[in-house]
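Structure data (PDB, C-alpha atoms, pLDDT in the B column) from start.pdb:
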ATOM      1  CA  THR A1411       2.555  31.705  -0.496  1.00 52.00           C
ATOM      2  CA  GLN A1412       2.806  28.609  -2.682  1.00 58.00           C
ATOM      3  CA  LEU A1413       5.572  26.396  -1.319  1.00 78.00           C
ATOM      4  CA  LEU A1414       7.692  24.523  -3.829  1.00 90.00           C
ATOM      5  CA  GLU A1415       9.801  21.571  -2.706  1.00 93.00           C
ATOM      6  CA  GLN A1416      12.660  20.546  -4.957  1.00 95.00           C
ATOM      7  CA  SER A1417      14.506  17.273  -4.673  1.00 95.00           C
ATOM      8  CA  PRO A1418      17.119  16.112  -4.415  1.00 96.00           C
ATOM      9  CA  GLN A1419      18.867  19.149  -2.985  1.00 94.00           C
ATOM     10  CA  PHE A1420      22.256  17.997  -4.311  1.00 96.00           C
ATOM     11  CA  LEU A1421      23.176  15.558  -7.059  1.00 97.00           C
ATOM     12  CA  SER A1422      26.650  14.595  -8.165  1.00 97.00           C
ATOM     13  CA  ILE A1423      26.990  12.264 -11.130  1.00 96.00           C
ATOM     14  CA  GLN A1424      29.384  11.143 -13.833  1.00 97.00           C
ATOM     15  CA  GLU A1425      29.193  12.260 -17.428  1.00 97.00           C
ATOM     16  CA  GLY A1426      26.869  10.061 -19.446  1.00 97.00           C
ATOM     17  CA  GLU A1427      24.507   9.187 -16.613  1.00 97.00           C
ATOM     18  CA  ASN A1428      20.791   9.954 -16.621  1.00 97.00           C
ATOM     19  CA  LEU A1429      19.058  11.839 -13.837  1.00 97.00           C
ATOM     20  CA  THR A1430      15.692  13.210 -12.764  1.00 98.00           C
ATOM     21  CA  VAL A1431      14.966  16.119 -10.465  1.00 97.00           C
ATOM     22  CA  TYR A1432      11.604  17.012  -9.019  1.00 97.00           C
ATOM     23  CA  CYS A1433       9.521  20.039  -8.148  1.00 96.00           C
ATOM     24  CA  ASN A1434       6.527  19.339  -5.905  1.00 94.00           C
ATOM     25  CA  SER A1435       3.811  21.339  -4.245  1.00 90.00           C
ATOM     26  CA  SER A1436       0.487  20.885  -2.522  1.00 87.00           C
ATOM     27  CA  SER A1437      -0.878  23.758  -4.628  1.00 88.00           C
ATOM     28  CA  VAL A1438      -2.206  23.619  -8.155  1.00 90.00           C
ATOM     29  CA  PHE A1439      -0.435  25.826 -10.672  1.00 88.00           C
ATOM     30  CA  SER A1440      -1.672  27.172 -13.968  1.00 88.00           C
ATOM     31  CA  SER A1441       1.845  26.575 -15.273  1.00 89.00           C
ATOM     32  CA  LEU A1442       5.400  26.095 -14.059  1.00 92.00           C
ATOM     33  CA  GLN A1443       8.781  27.376 -15.172  1.00 93.00           C
ATOM     34  CA  TRP A1444      12.209  25.759 -14.972  1.00 96.00           C
ATOM     35  CA  TYR A1445      15.406  27.796 -14.784  1.00 96.00           C
ATOM     36  CA  ARG A1446      19.070  26.851 -14.823  1.00 97.00           C
ATOM     37  CA  GLN A1447      21.627  28.951 -12.998  1.00 96.00           C
ATOM     38  CA  GLU A1448      25.216  28.249 -13.974  1.00 95.00           C
ATOM     39  CA  PRO A1449      27.954  28.962 -11.417  1.00 91.00           C
ATOM     40  CA  GLY A1450      28.618  32.681 -11.199  1.00 91.00           C
ATOM     41  CA  GLU A1451      25.648  33.658 -13.365  1.00 94.00           C
ATOM     42  CA  GLY A1452      21.972  34.515 -13.043  1.00 96.00           C
ATOM     43  CA  PRO A1453      19.071  32.133 -13.682  1.00 96.00           C
ATOM     44  CA  VAL A1454      18.063  31.534 -17.277  1.00 95.00           C
ATOM     45  CA  LEU A1455      14.571  30.402 -18.219  1.00 93.00           C
ATOM     46  CA  LEU A1456      14.598  26.950 -19.836  1.00 95.00           C
ATOM     47  CA  VAL A1457      10.935  26.148 -20.347  1.00 94.00           C
ATOM     48  CA  THR A1458       7.377  26.815 -19.249  1.00 92.00           C
ATOM     49  CA  VAL A1459       5.006  23.853 -18.926  1.00 92.00           C
ATOM     50  CA  VAL A1460       1.363  24.769 -19.144  1.00 90.00           C
ATOM     51  CA  THR A1461      -0.949  21.798 -19.587  1.00 90.00           C
ATOM     52  CA  GLY A1462      -1.409  18.961 -17.084  1.00 91.00           C
ATOM     53  CA  GLY A1463       0.496  15.929 -18.380  1.00 92.00           C
ATOM     54  CA  GLU A1464       2.470  18.039 -20.844  1.00 94.00           C
ATOM     55  CA  VAL A1465       5.923  16.862 -21.885  1.00 96.00           C
ATOM     56  CA  LYS A1466       8.411  19.276 -23.422  1.00 96.00           C
ATOM     57  CA  LYS A1467      11.834  18.383 -24.771  1.00 96.00           C
ATOM     58  CA  LEU A1468      14.841  20.640 -25.029  1.00 95.00           C
ATOM     59  CA  LYS A1469      17.627  18.562 -26.586  1.00 95.00           C
ATOM     60  CA  ARG A1470      18.610  16.117 -23.813  1.00 97.00           C
ATOM     61  CA  LEU A1471      16.269  17.695 -21.266  1.00 97.00           C
ATOM     62  CA  THR A1472      12.710  16.409 -20.857  1.00 98.00           C
ATOM     63  CA  PHE A1473      10.254  18.387 -18.751  1.00 97.00           C
ATOM     64  CA  GLN A1474       6.982  16.938 -17.545  1.00 96.00           C
ATOM     65  CA  PHE A1475       4.067  18.651 -15.827  1.00 95.00           C
ATOM     66  CA  GLY A1476       2.012  16.415 -13.569  1.00 94.00           C
ATOM     67  CA  ASP A1477      -1.559  15.580 -14.540  1.00 92.00           C
ATOM     68  CA  ALA A1478      -2.870  17.410 -11.479  1.00 92.00           C
ATOM     69  CA  ARG A1479      -0.547  20.388 -12.164  1.00 91.00           C
ATOM     70  CA  LYS A1480       0.953  20.168  -8.683  1.00 92.00           C
ATOM     71  CA  ASP A1481       4.343  18.803  -9.629  1.00 93.00           C
ATOM     72  CA  SER A1482       6.904  18.709 -12.389  1.00 96.00           C
ATOM     73  CA  SER A1483      10.028  16.776 -13.240  1.00 97.00           C
ATOM     74  CA  LEU A1484      13.127  17.393 -15.284  1.00 97.00           C
ATOM     75  CA  HIS A1485      14.935  14.415 -16.776  1.00 98.00           C
ATOM     76  CA  ILE A1486      18.392  14.790 -18.287  1.00 98.00           C
ATOM     77  CA  THR A1487      19.695  12.074 -20.573  1.00 98.00           C
ATOM     78  CA  ALA A1488      23.425  11.434 -20.891  1.00 98.00           C
ATOM     79  CA  ALA A1489      24.425  14.328 -18.654  1.00 97.00           C
ATOM     80  CA  GLN A1490      27.410  16.457 -19.640  1.00 97.00           C
ATOM     81  CA  PRO A1491      29.642  18.733 -17.560  1.00 96.00           C
ATOM     82  CA  GLY A1492      27.922  21.691 -19.219  1.00 95.00           C
ATOM     83  CA  ASP A1493      24.693  20.654 -17.457  1.00 96.00           C
ATOM     84  CA  THR A1494      26.278  21.558 -14.118  1.00 96.00           C
ATOM     85  CA  GLY A1495      24.310  24.202 -12.295  1.00 96.00           C
ATOM     86  CA  LEU A1496      21.399  25.000 -10.020  1.00 96.00           C
ATOM     87  CA  TYR A1497      18.007  23.970 -11.381  1.00 97.00           C
ATOM     88  CA  LEU A1498      15.126  26.051 -10.087  1.00 96.00           C
ATOM     89  CA  CYS A1499      11.392  25.826 -10.547  1.00 95.00           C
ATOM     90  CA  ALA A1500       8.886  28.636 -10.075  1.00 92.00           C
ATOM     91  CA  PRO A1501       5.314  29.365 -11.011  1.00 89.00           C
ATOM     92  CA  PRO A1502       5.301  32.130 -13.620  1.00 82.00           C
ATOM     93  CA  ASN A1503       4.663  35.552 -12.258  1.00 78.00           C
ATOM     94  CA  GLN A1504       2.032  37.922 -13.469  1.00 76.00           C
ATOM     95  CA  ALA A1505       3.267  41.276 -14.649  1.00 73.00           C
ATOM     96  CA  GLY A1506       4.440  43.232 -11.663  1.00 75.00           C
ATOM     97  CA  THR A1507       4.796  40.359  -9.249  1.00 82.00           C
ATOM     98  CA  ALA A1508       7.891  38.550  -8.053  1.00 84.00           C
ATOM     99  CA  LEU A1509       8.995  35.053  -8.931  1.00 89.00           C
ATOM    100  CA  ILE A1510       8.857  32.635  -5.999  1.00 90.00           C
ATOM    101  CA  PHE A1511      11.499  29.996  -6.439  1.00 92.00           C
ATOM    102  CA  GLY A1512      12.037  26.621  -4.863  1.00 89.00           C
ATOM    103  CA  LYS A1513      15.457  26.151  -3.228  1.00 91.00           C
ATOM    104  CA  GLY A1514      16.617  24.259  -6.274  1.00 94.00           C
ATOM    105  CA  THR A1515      18.666  21.187  -7.087  1.00 96.00           C
ATOM    106  CA  THR A1516      22.410  21.674  -7.380  1.00 96.00           C
ATOM    107  CA  LEU A1517      23.711  19.349 -10.080  1.00 97.00           C
ATOM    108  CA  SER A1518      27.365  18.554 -10.574  1.00 97.00           C
ATOM    109  CA  VAL A1519      28.412  16.498 -13.589  1.00 97.00           C
ATOM    110  CA  SER A1520      32.008  15.388 -13.675  1.00 96.00           C
ATOM    111  CA  SER A1521      33.902  14.047 -16.657  1.00 93.00           C
TER     112      SER A1521
ATOM    113  CA  ASN B 269      20.156  43.696 -27.661  1.00 55.00           C
ATOM    114  CA  ALA B 270      22.448  43.576 -24.661  1.00 74.00           C
ATOM    115  CA  GLY B 271      21.272  41.581 -21.691  1.00 92.00           C
ATOM    116  CA  VAL B 272      20.745  42.818 -18.175  1.00 96.00           C
ATOM    117  CA  MET B 273      23.970  44.262 -16.854  1.00 97.00           C
ATOM    118  CA  GLN B 274      25.069  44.437 -13.256  1.00 98.00           C
ATOM    119  CA  ASN B 275      28.135  45.995 -11.750  1.00 97.00           C
ATOM    120  CA  PRO B 276      30.288  45.467 -10.002  1.00 97.00           C
ATOM    121  CA  ARG B 277      30.340  41.697 -10.355  1.00 97.00           C
ATOM    122  CA  HIS B 278      32.202  41.370  -7.079  1.00 97.00           C
ATOM    123  CA  LEU B 279      32.202  43.827  -4.202  1.00 98.00           C
ATOM    124  CA  VAL B 280      34.099  43.615  -0.951  1.00 98.00           C
ATOM    125  CA  ARG B 281      33.169  45.882   1.936  1.00 98.00           C
ATOM    126  CA  ARG B 282      34.136  46.112   5.588  1.00 98.00           C
ATOM    127  CA  ARG B 283      31.471  46.128   8.256  1.00 97.00           C
ATOM    128  CA  GLY B 284      29.874  49.564   8.534  1.00 97.00           C
ATOM    129  CA  GLN B 285      30.625  50.655   4.971  1.00 98.00           C
ATOM    130  CA  GLU B 286      28.085  51.278   2.249  1.00 98.00           C
ATOM    131  CA  ALA B 287      27.477  49.031  -0.754  1.00 98.00           C
ATOM    132  CA  ARG B 288      25.978  50.334  -3.984  1.00 98.00           C
ATOM    133  CA  LEU B 289      24.897  47.778  -6.549  1.00 98.00           C
ATOM    134  CA  ARG B 290      23.913  48.851 -10.050  1.00 98.00           C
ATOM    135  CA  CYS B 291      21.594  47.244 -12.569  1.00 98.00           C
ATOM    136  CA  SER B 292      21.032  48.332 -16.152  1.00 97.00           C
ATOM    137  CA  PRO B 293      17.897  46.673 -17.536  1.00 96.00           C
ATOM    138  CA  MET B 294      17.519  45.433 -21.067  1.00 95.00           C
ATOM    139  CA  LYS B 295      16.588  48.115 -23.575  1.00 91.00           C
ATOM    140  CA  GLY B 296      12.879  48.805 -23.517  1.00 89.00           C
ATOM    141  CA  HIS B 297      12.289  47.138 -20.133  1.00 91.00           C
ATOM    142  CA  SER B 298      10.650  49.357 -17.569  1.00 90.00           C
ATOM    143  CA  HIS B 299      10.274  46.810 -14.750  1.00 92.00           C
ATOM    144  CA  VAL B 300      13.196  45.959 -12.466  1.00 95.00           C
ATOM    145  CA  TYR B 301      13.263  43.359  -9.700  1.00 96.00           C
ATOM    146  CA  TRP B 302      15.994  42.748  -7.135  1.00 97.00           C
ATOM    147  CA  TYR B 303      16.584  39.338  -5.551  1.00 97.00           C
ATOM    148  CA  ARG B 304      19.047  38.094  -2.961  1.00 97.00           C
ATOM    149  CA  GLN B 305      20.520  34.604  -2.962  1.00 96.00           C
ATOM    150  CA  LEU B 306      21.904  32.964   0.163  1.00 91.00           C
ATOM    151  CA  PRO B 307      23.066  29.339   0.043  1.00 78.00           C
ATOM    152  CA  GLU B 308      20.729  28.213   2.785  1.00 78.00           C
ATOM    153  CA  GLU B 309      17.733  30.289   1.726  1.00 82.00           C
ATOM    154  CA  GLY B 310      17.669  30.227  -2.046  1.00 88.00           C
ATOM    155  CA  LEU B 311      16.721  33.095  -4.326  1.00 92.00           C
ATOM    156  CA  LYS B 312      14.388  35.546  -2.582  1.00 94.00           C
ATOM    157  CA  PHE B 313      12.569  38.600  -3.883  1.00 94.00           C
ATOM    158  CA  MET B 314      13.505  41.950  -2.377  1.00 96.00           C
ATOM    159  CA  VAL B 315      11.968  44.840  -4.308  1.00 96.00           C
ATOM    160  CA  TYR B 316      10.164  45.664  -7.536  1.00 95.00           C
ATOM    161  CA  LEU B 317      10.498  49.038  -9.228  1.00 95.00           C
ATOM    162  CA  GLN B 318       9.271  50.827 -12.285  1.00 93.00           C
ATOM    163  CA  LYS B 319      10.808  54.040 -13.527  1.00 88.00           C
ATOM    164  CA  GLU B 320      11.001  56.449 -10.575  1.00 88.00           C
ATOM    165  CA  ASN B 321       8.612  54.351  -8.460  1.00 93.00           C
ATOM    166  CA  ILE B 322       8.937  51.591  -5.896  1.00 95.00           C
ATOM    167  CA  ILE B 323       5.985  49.287  -6.485  1.00 94.00           C
ATOM    168  CA  ASP B 324       6.623  46.461  -4.013  1.00 94.00           C
ATOM    169  CA  GLU B 325       9.337  46.446  -1.356  1.00 94.00           C
ATOM    170  CA  SER B 326       7.829  43.711   0.780  1.00 93.00           C
ATOM    171  CA  GLY B 327      10.952  41.543   0.588  1.00 93.00           C
ATOM    172  CA  MET B 328      13.447  44.230   1.498  1.00 95.00           C
ATOM    173  CA  PRO B 329      14.668  44.731   5.084  1.00 95.00           C
ATOM    174  CA  LYS B 330      13.171  47.867   6.577  1.00 92.00           C
ATOM    175  CA  GLU B 331      16.479  49.268   7.745  1.00 95.00           C
ATOM    176  CA  ARG B 332      19.732  49.976   5.900  1.00 98.00           C
ATOM    177  CA  PHE B 333      18.400  48.853   2.490  1.00 98.00           C
ATOM    178  CA  SER B 334      17.022  51.150  -0.185  1.00 97.00           C
ATOM    179  CA  ALA B 335      16.434  50.964  -3.911  1.00 97.00           C
ATOM    180  CA  GLU B 336      15.802  53.403  -6.703  1.00 96.00           C
ATOM    181  CA  PHE B 337      15.221  53.351 -10.435  1.00 96.00           C
ATOM    182  CA  PRO B 338      15.664  56.912 -11.672  1.00 93.00           C
ATOM    183  CA  LYS B 339      14.299  58.296 -14.892  1.00 90.00           C
ATOM    184  CA  GLU B 340      17.785  58.201 -16.343  1.00 89.00           C
ATOM    185  CA  GLY B 341      20.464  55.677 -15.461  1.00 91.00           C
ATOM    186  CA  PRO B 342      20.591  52.304 -13.789  1.00 95.00           C
ATOM    187  CA  SER B 343      18.628  50.973 -10.870  1.00 97.00           C
ATOM    188  CA  ILE B 344      20.596  51.139  -7.619  1.00 98.00           C
ATOM    189  CA  LEU B 345      20.344  48.870  -4.596  1.00 98.00           C
ATOM    190  CA  ARG B 346      21.994  50.571  -1.662  1.00 98.00           C
ATOM    191  CA  ILE B 347      22.973  48.889   1.574  1.00 98.00           C
ATOM    192  CA  GLN B 348      24.146  51.160   4.351  1.00 98.00           C
ATOM    193  CA  GLN B 349      26.323  50.089   7.288  1.00 98.00           C
ATOM    194  CA  VAL B 350      26.804  46.597   5.921  1.00 98.00           C
ATOM    195  CA  VAL B 351      27.041  43.630   8.267  1.00 97.00           C
ATOM    196  CA  ARG B 352      28.448  40.161   7.646  1.00 95.00           C
ATOM    197  CA  GLY B 353      24.934  38.784   7.164  1.00 95.00           C
ATOM    198  CA  ASP B 354      24.563  40.969   4.069  1.00 96.00           C
ATOM    199  CA  SER B 355      27.128  38.809   2.267  1.00 96.00           C
ATOM    200  CA  ALA B 356      25.231  37.226  -0.604  1.00 97.00           C
ATOM    201  CA  ALA B 357      24.701  37.295  -4.352  1.00 97.00           C
ATOM    202  CA  TYR B 358      22.329  40.046  -5.442  1.00 98.00           C
ATOM    203  CA  PHE B 359      20.538  39.645  -8.752  1.00 98.00           C
ATOM    204  CA  CYS B 360      18.406  42.032 -10.671  1.00 97.00           C
ATOM    205  CA  ALA B 361      15.940  41.055 -13.358  1.00 96.00           C
ATOM    206  CA  SER B 362      14.248  43.245 -15.904  1.00 94.00           C
ATOM    207  CA  SER B 363      10.986  42.668 -17.674  1.00 91.00           C
ATOM    208  CA  PRO B 364       8.917  44.267 -20.415  1.00 87.00           C
ATOM    209  CA  GLN B 365       5.761  42.763 -18.905  1.00 80.00           C
ATOM    210  CA  ASP B 366       5.914  39.394 -17.136  1.00 79.00           C
ATOM    211  CA  THR B 367       8.909  37.286 -18.244  1.00 86.00           C
ATOM    212  CA  GLN B 368      11.946  38.277 -16.193  1.00 91.00           C
ATOM    213  CA  TYR B 369      15.506  38.270 -17.539  1.00 94.00           C
ATOM    214  CA  PHE B 370      18.231  38.038 -14.949  1.00 96.00           C
ATOM    215  CA  GLY B 371      21.574  39.741 -14.805  1.00 97.00           C
ATOM    216  CA  PRO B 372      24.795  37.959 -13.810  1.00 97.00           C
ATOM    217  CA  GLY B 373      24.604  39.211 -10.240  1.00 97.00           C
ATOM    218  CA  THR B 374      26.829  41.083  -7.813  1.00 98.00           C
ATOM    219  CA  ARG B 375      28.570  39.015  -5.197  1.00 97.00           C
ATOM    220  CA  LEU B 376      28.918  41.051  -2.027  1.00 97.00           C
ATOM    221  CA  THR B 377      31.388  39.985   0.618  1.00 97.00           C
ATOM    222  CA  VAL B 378      31.412  41.796   3.930  1.00 97.00           C
ATOM    223  CA  LEU B 379      34.612  41.383   5.924  1.00 96.00           C
TER     224      LEU B 379
END
Would you encode the structure as structure tokens?
Amino acid sequence: TQLLEQSPQFLSIQEGENLTVYCNSSSVFSSLQWYRQEPGEGPVLLVTVVTGGEVKKLKRLTFQFGDARKDSSLHITAAQPGDTGLYLCAPPNQAGTALIFGKGTTLSVSS
Amino acid sequence: NAGVMQNPRHLVRRRGQEARLRCSPMKGHSHVYWYRQLPEEGLKFMVYLQKENIIDESGMPKERFSAEFPKEGPSILRIQQVVRGDSAAYFCASSPQDTQYFGPGTRLTVL
């Protein structure tokens, strides 16, 4: 089982601040997915990073895959209350296999 | 195309009762996965089903829990003789191949 460590576990910030959350492992991944789970809802796939060193942007969210493909980070610029939620990382599953998630980072953005 | 649907969204049961959780996959999706989310454990895989077949139930407790995905109708996760430790959010995800799309979850509370 590939163990994913996410940090920090909890993050509480004010609207407008920047933040970075991390997903680390001792294993090498072919790719990595990031999900956001809003309170009371299921996880929603945000992005898949595939290439070592890859950077993908989704509006104010910037995802980076480490050069060695063992870690990834998510940076949010000028956080908004709508960014509140649980951010999860997971290696993509092959067809017919389960997703194995990290425990996630719970982000709370207050106005 | 409607998303994955789960009902009920909230379910309250007394110890010893049965809980039946339903999941209707997205149209055209023949793969269904069930996950359980506990605050201290994160989102964990329980069982993977295709139409009329259980493919992988390695994450499901051996006793009291069962799952089915009949030819017609939703997938059902059944928990018999519930105990307080069964209180959790239960999510299903459906997939046409590999990418999984999550439902909003059923929050089970056992009194």
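Residue neighbourhood of A:Lys1469, excluding near-sequence residues (fewer than 5 positions): Leu1456, Val1457, His1485, Ile1486, Thr1487, Ala1488, Ala1489 and Asp1493 of chain A, at 12 Å, using all atoms listed in the file.
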Using only C-alpha atoms, determine which residues lie at most 12 Å from stretch 1427-1437 of chain A, disregarding the query and same-chain residues fewer than 5 positions distant; provide the list as number ranges by chain. A: 1411-1422, 1442-1445, 1470-1476, 1478-1491, 1493, 1496-1501, 1511-1521
Students should find that atom CA of B:Lys295 and atom CA of B:Ala270 are spaced 7.5 Å
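Take the candidates B:Gly353, B:Met294, B:Glu286, B:Val280 and check each one against B:Gly371 using all atoms listed in the file; the shortest distance goes to B:Met294.
Evaluated against the shown file, the PyMOL selection byres ((chain A) within 6 of (chain B)) gives Glu1451, Gly1452, Gln1504, Ala1505 and Lys1513 of chain A.
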Between atom CA of A:Thr1507 and atom CA of A:Asp1477 lies a distance of 26.1 Å
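A straight line drawn from atom CA of B:Ser326 to atom CA of B:Gln348 is 18.3 Å long.
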Discussion item. Just want the 8 Å neighbourhood of B:Pro276, counted on all atoms listed in the file, with same-chain residues fewer than 2 positions away dropped. Output as a ChimeraX atom specification.
Written reply: /B:274,278-279,289-290,374
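Selection check: the PyMOL selection byres ((chain B and resi 284) around 8) on the shown file gives B:Arg282, B:Arg283, B:Gln285, B:Glu286, B:Gln348, B:Gln349, B:Val350, B:Val351.
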Please produce a file of the residues just selected, as a short mmCIF file (atom, residue, chain, number, x, y, z; two decimals), in the frame of the given file, where the atoms kept are C-alpha atoms.
data_model
loop_
_atom_site.label_atom_id
_atom_site.label_comp_id
_atom_site.auth_asym_id
_atom_site.auth_seq_id
_atom_site.Cartn_x
_atom_site.Cartn_y
_atom_site.Cartn_z
CA ARG B 282 34.14 46.11 5.59
CA ARG B 283 31.47 46.13 8.26
CA GLN B 285 30.62 50.66 4.97
CA GLU B 286 28.08 51.28 2.25
CA GLN B 348 24.15 51.16 4.35
CA GLN B 349 26.32 50.09 7.29
CA VAL B 350 26.80 46.60 5.92
CA VAL B 351 27.04 43.63 8.27
#
Where atoms are lacking, stretch 1421-1447 of chain A completed to N, CA and C atoms, as a PDB file, in the coordinates of the input:
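Output contents, as saved in result-v8.pdb:
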ATOM      1  N   LEU A1421      23.003  16.740  -6.229  1.00 97.00           N
ATOM      2  CA  LEU A1421      23.176  15.558  -7.059  1.00 97.00           C
ATOM      3  C   LEU A1421      24.524  15.652  -7.747  1.00 97.00           C
ATOM      4  N   SER A1422      25.329  14.610  -7.551  1.00 97.00           N
ATOM      5  CA  SER A1422      26.650  14.595  -8.165  1.00 97.00           C
ATOM      6  C   SER A1422      26.777  13.309  -8.965  1.00 97.00           C
ATOM      7  N   ILE A1423      26.972  13.441 -10.272  1.00 96.00           N
ATOM      8  CA  ILE A1423      26.990  12.264 -11.130  1.00 96.00           C
ATOM      9  C   ILE A1423      28.143  12.340 -12.120  1.00 96.00           C
ATOM     10  N   GLN A1424      28.355  11.223 -12.808  1.00 97.00           N
ATOM     11  CA  GLN A1424      29.384  11.143 -13.833  1.00 97.00           C
ATOM     12  C   GLN A1424      28.782  11.470 -15.201  1.00 97.00           C
ATOM     13  N   GLU A1425      29.606  11.980 -16.046  1.00 97.00           N
ATOM     14  CA  GLU A1425      29.193  12.260 -17.428  1.00 97.00           C
ATOM     15  C   GLU A1425      28.599  11.008 -18.059  1.00 97.00           C
ATOM     16  N   GLY A1426      27.503  11.184 -18.768  1.00 97.00           N
ATOM     17  CA  GLY A1426      26.869  10.061 -19.446  1.00 97.00           C
ATOM     18  C   GLY A1426      25.703   9.447 -18.691  1.00 97.00           C
ATOM     19  N   GLU A1427      25.612   9.731 -17.395  1.00 97.00           N
ATOM     20  CA  GLU A1427      24.507   9.187 -16.613  1.00 97.00           C
ATOM     21  C   GLU A1427      23.217   9.952 -16.883  1.00 97.00           C
ATOM     22  N   ASN A1428      22.103   9.303 -16.545  1.00 97.00           N
ATOM     23  CA  ASN A1428      20.791   9.954 -16.621  1.00 97.00           C
ATOM     24  C   ASN A1428      20.370  10.381 -15.221  1.00 97.00           C
ATOM     25  N   LEU A1429      19.516  11.386 -15.142  1.00 97.00           N
ATOM     26  CA  LEU A1429      19.058  11.839 -13.837  1.00 97.00           C
ATOM     27  C   LEU A1429      17.684  12.491 -13.965  1.00 97.00           C
ATOM     28  N   THR A1430      16.988  12.526 -12.835  1.00 98.00           N
ATOM     29  CA  THR A1430      15.692  13.210 -12.764  1.00 98.00           C
ATOM     30  C   THR A1430      15.648  14.041 -11.497  1.00 98.00           C
ATOM     31  N   VAL A1431      15.186  15.259 -11.627  1.00 97.00           N
ATOM     32  CA  VAL A1431      14.966  16.119 -10.465  1.00 97.00           C
ATOM     33  C   VAL A1431      13.493  16.520 -10.434  1.00 97.00           C
ATOM     34  N   TYR A1432      13.033  16.847  -9.219  1.00 97.00           N
ATOM     35  CA  TYR A1432      11.604  17.012  -9.019  1.00 97.00           C
ATOM     36  C   TYR A1432      11.266  18.361  -8.388  1.00 97.00           C
ATOM     37  N   CYS A1433      10.067  18.802  -8.705  1.00 96.00           N
ATOM     38  CA  CYS A1433       9.521  20.039  -8.148  1.00 96.00           C
ATOM     39  C   CYS A1433       8.088  19.726  -7.722  1.00 96.00           C
ATOM     40  N   ASN A1434       7.831  19.775  -6.422  1.00 94.00           N
ATOM     41  CA  ASN A1434       6.527  19.339  -5.905  1.00 94.00           C
ATOM     42  C   ASN A1434       5.883  20.414  -5.045  1.00 94.00           C
ATOM     43  N   SER A1435       4.557  20.390  -5.054  1.00 90.00           N
ATOM     44  CA  SER A1435       3.811  21.339  -4.245  1.00 90.00           C
ATOM     45  C   SER A1435       2.451  20.744  -3.892  1.00 90.00           C
ATOM     46  N   SER A1436       1.854  21.264  -2.851  1.00 87.00           N
ATOM     47  CA  SER A1436       0.487  20.885  -2.522  1.00 87.00           C
ATOM     48  C   SER A1436      -0.511  21.783  -3.250  1.00 87.00           C
ATOM     49  N   SER A1437      -0.006  22.816  -3.913  1.00 88.00           N
ATOM     50  CA  SER A1437      -0.878  23.758  -4.628  1.00 88.00           C
ATOM     51  C   SER A1437      -0.963  23.392  -6.102  1.00 88.00           C
ATOM     52  N   VAL A1438      -2.026  23.798  -6.710  1.00 90.00           N
ATOM     53  CA  VAL A1438      -2.206  23.619  -8.155  1.00 90.00           C
ATOM     54  C   VAL A1438      -1.724  24.884  -8.862  1.00 90.00           C
ATOM     55  N   PHE A1439      -0.968  24.687  -9.919  1.00 88.00           N
ATOM     56  CA  PHE A1439      -0.435  25.826 -10.672  1.00 88.00           C
ATOM     57  C   PHE A1439      -1.038  25.859 -12.071  1.00 88.00           C
ATOM     58  N   SER A1440      -1.225  27.044 -12.579  1.00 88.00           N
ATOM     59  CA  SER A1440      -1.672  27.172 -13.968  1.00 88.00           C
ATOM     60  C   SER A1440      -0.556  26.773 -14.915  1.00 88.00           C
ATOM     61  N   SER A1441       0.676  26.973 -14.492  1.00 89.00           N
ATOM     62  CA  SER A1441       1.845  26.575 -15.273  1.00 89.00           C
ATOM     63  C   SER A1441       3.060  26.616 -14.360  1.00 89.00           C
ATOM     64  N   LEU A1442       4.189  26.148 -14.870  1.00 92.00           N
ATOM     65  CA  LEU A1442       5.400  26.095 -14.059  1.00 92.00           C
ATOM     66  C   LEU A1442       6.610  26.357 -14.957  1.00 92.00           C
ATOM     67  N   GLN A1443       7.573  27.082 -14.418  1.00 93.00           N
ATOM     68  CA  GLN A1443       8.781  27.376 -15.172  1.00 93.00           C
ATOM     69  C   GLN A1443       9.983  26.679 -14.554  1.00 93.00           C
ATOM     70  N   TRP A1444      10.922  26.299 -15.409  1.00 96.00           N
ATOM     71  CA  TRP A1444      12.209  25.759 -14.972  1.00 96.00           C
ATOM     72  C   TRP A1444      13.318  26.703 -15.426  1.00 96.00           C
ATOM     73  N   TYR A1445      14.244  26.965 -14.506  1.00 96.00           N
ATOM     74  CA  TYR A1445      15.406  27.796 -14.784  1.00 96.00           C
ATOM     75  C   TYR A1445      16.668  27.001 -14.494  1.00 96.00           C
ATOM     76  N   ARG A1446      17.749  27.362 -15.181  1.00 97.00           N
ATOM     77  CA  ARG A1446      19.070  26.851 -14.823  1.00 97.00           C
ATOM     78  C   ARG A1446      19.965  28.042 -14.507  1.00 97.00           C
ATOM     79  N   GLN A1447      20.674  27.922 -13.407  1.00 96.00           N
ATOM     80  CA  GLN A1447      21.627  28.951 -12.998  1.00 96.00           C
ATOM     81  C   GLN A1447      23.018  28.333 -12.993  1.00 96.00           C
TER      82      GLN A1447
END
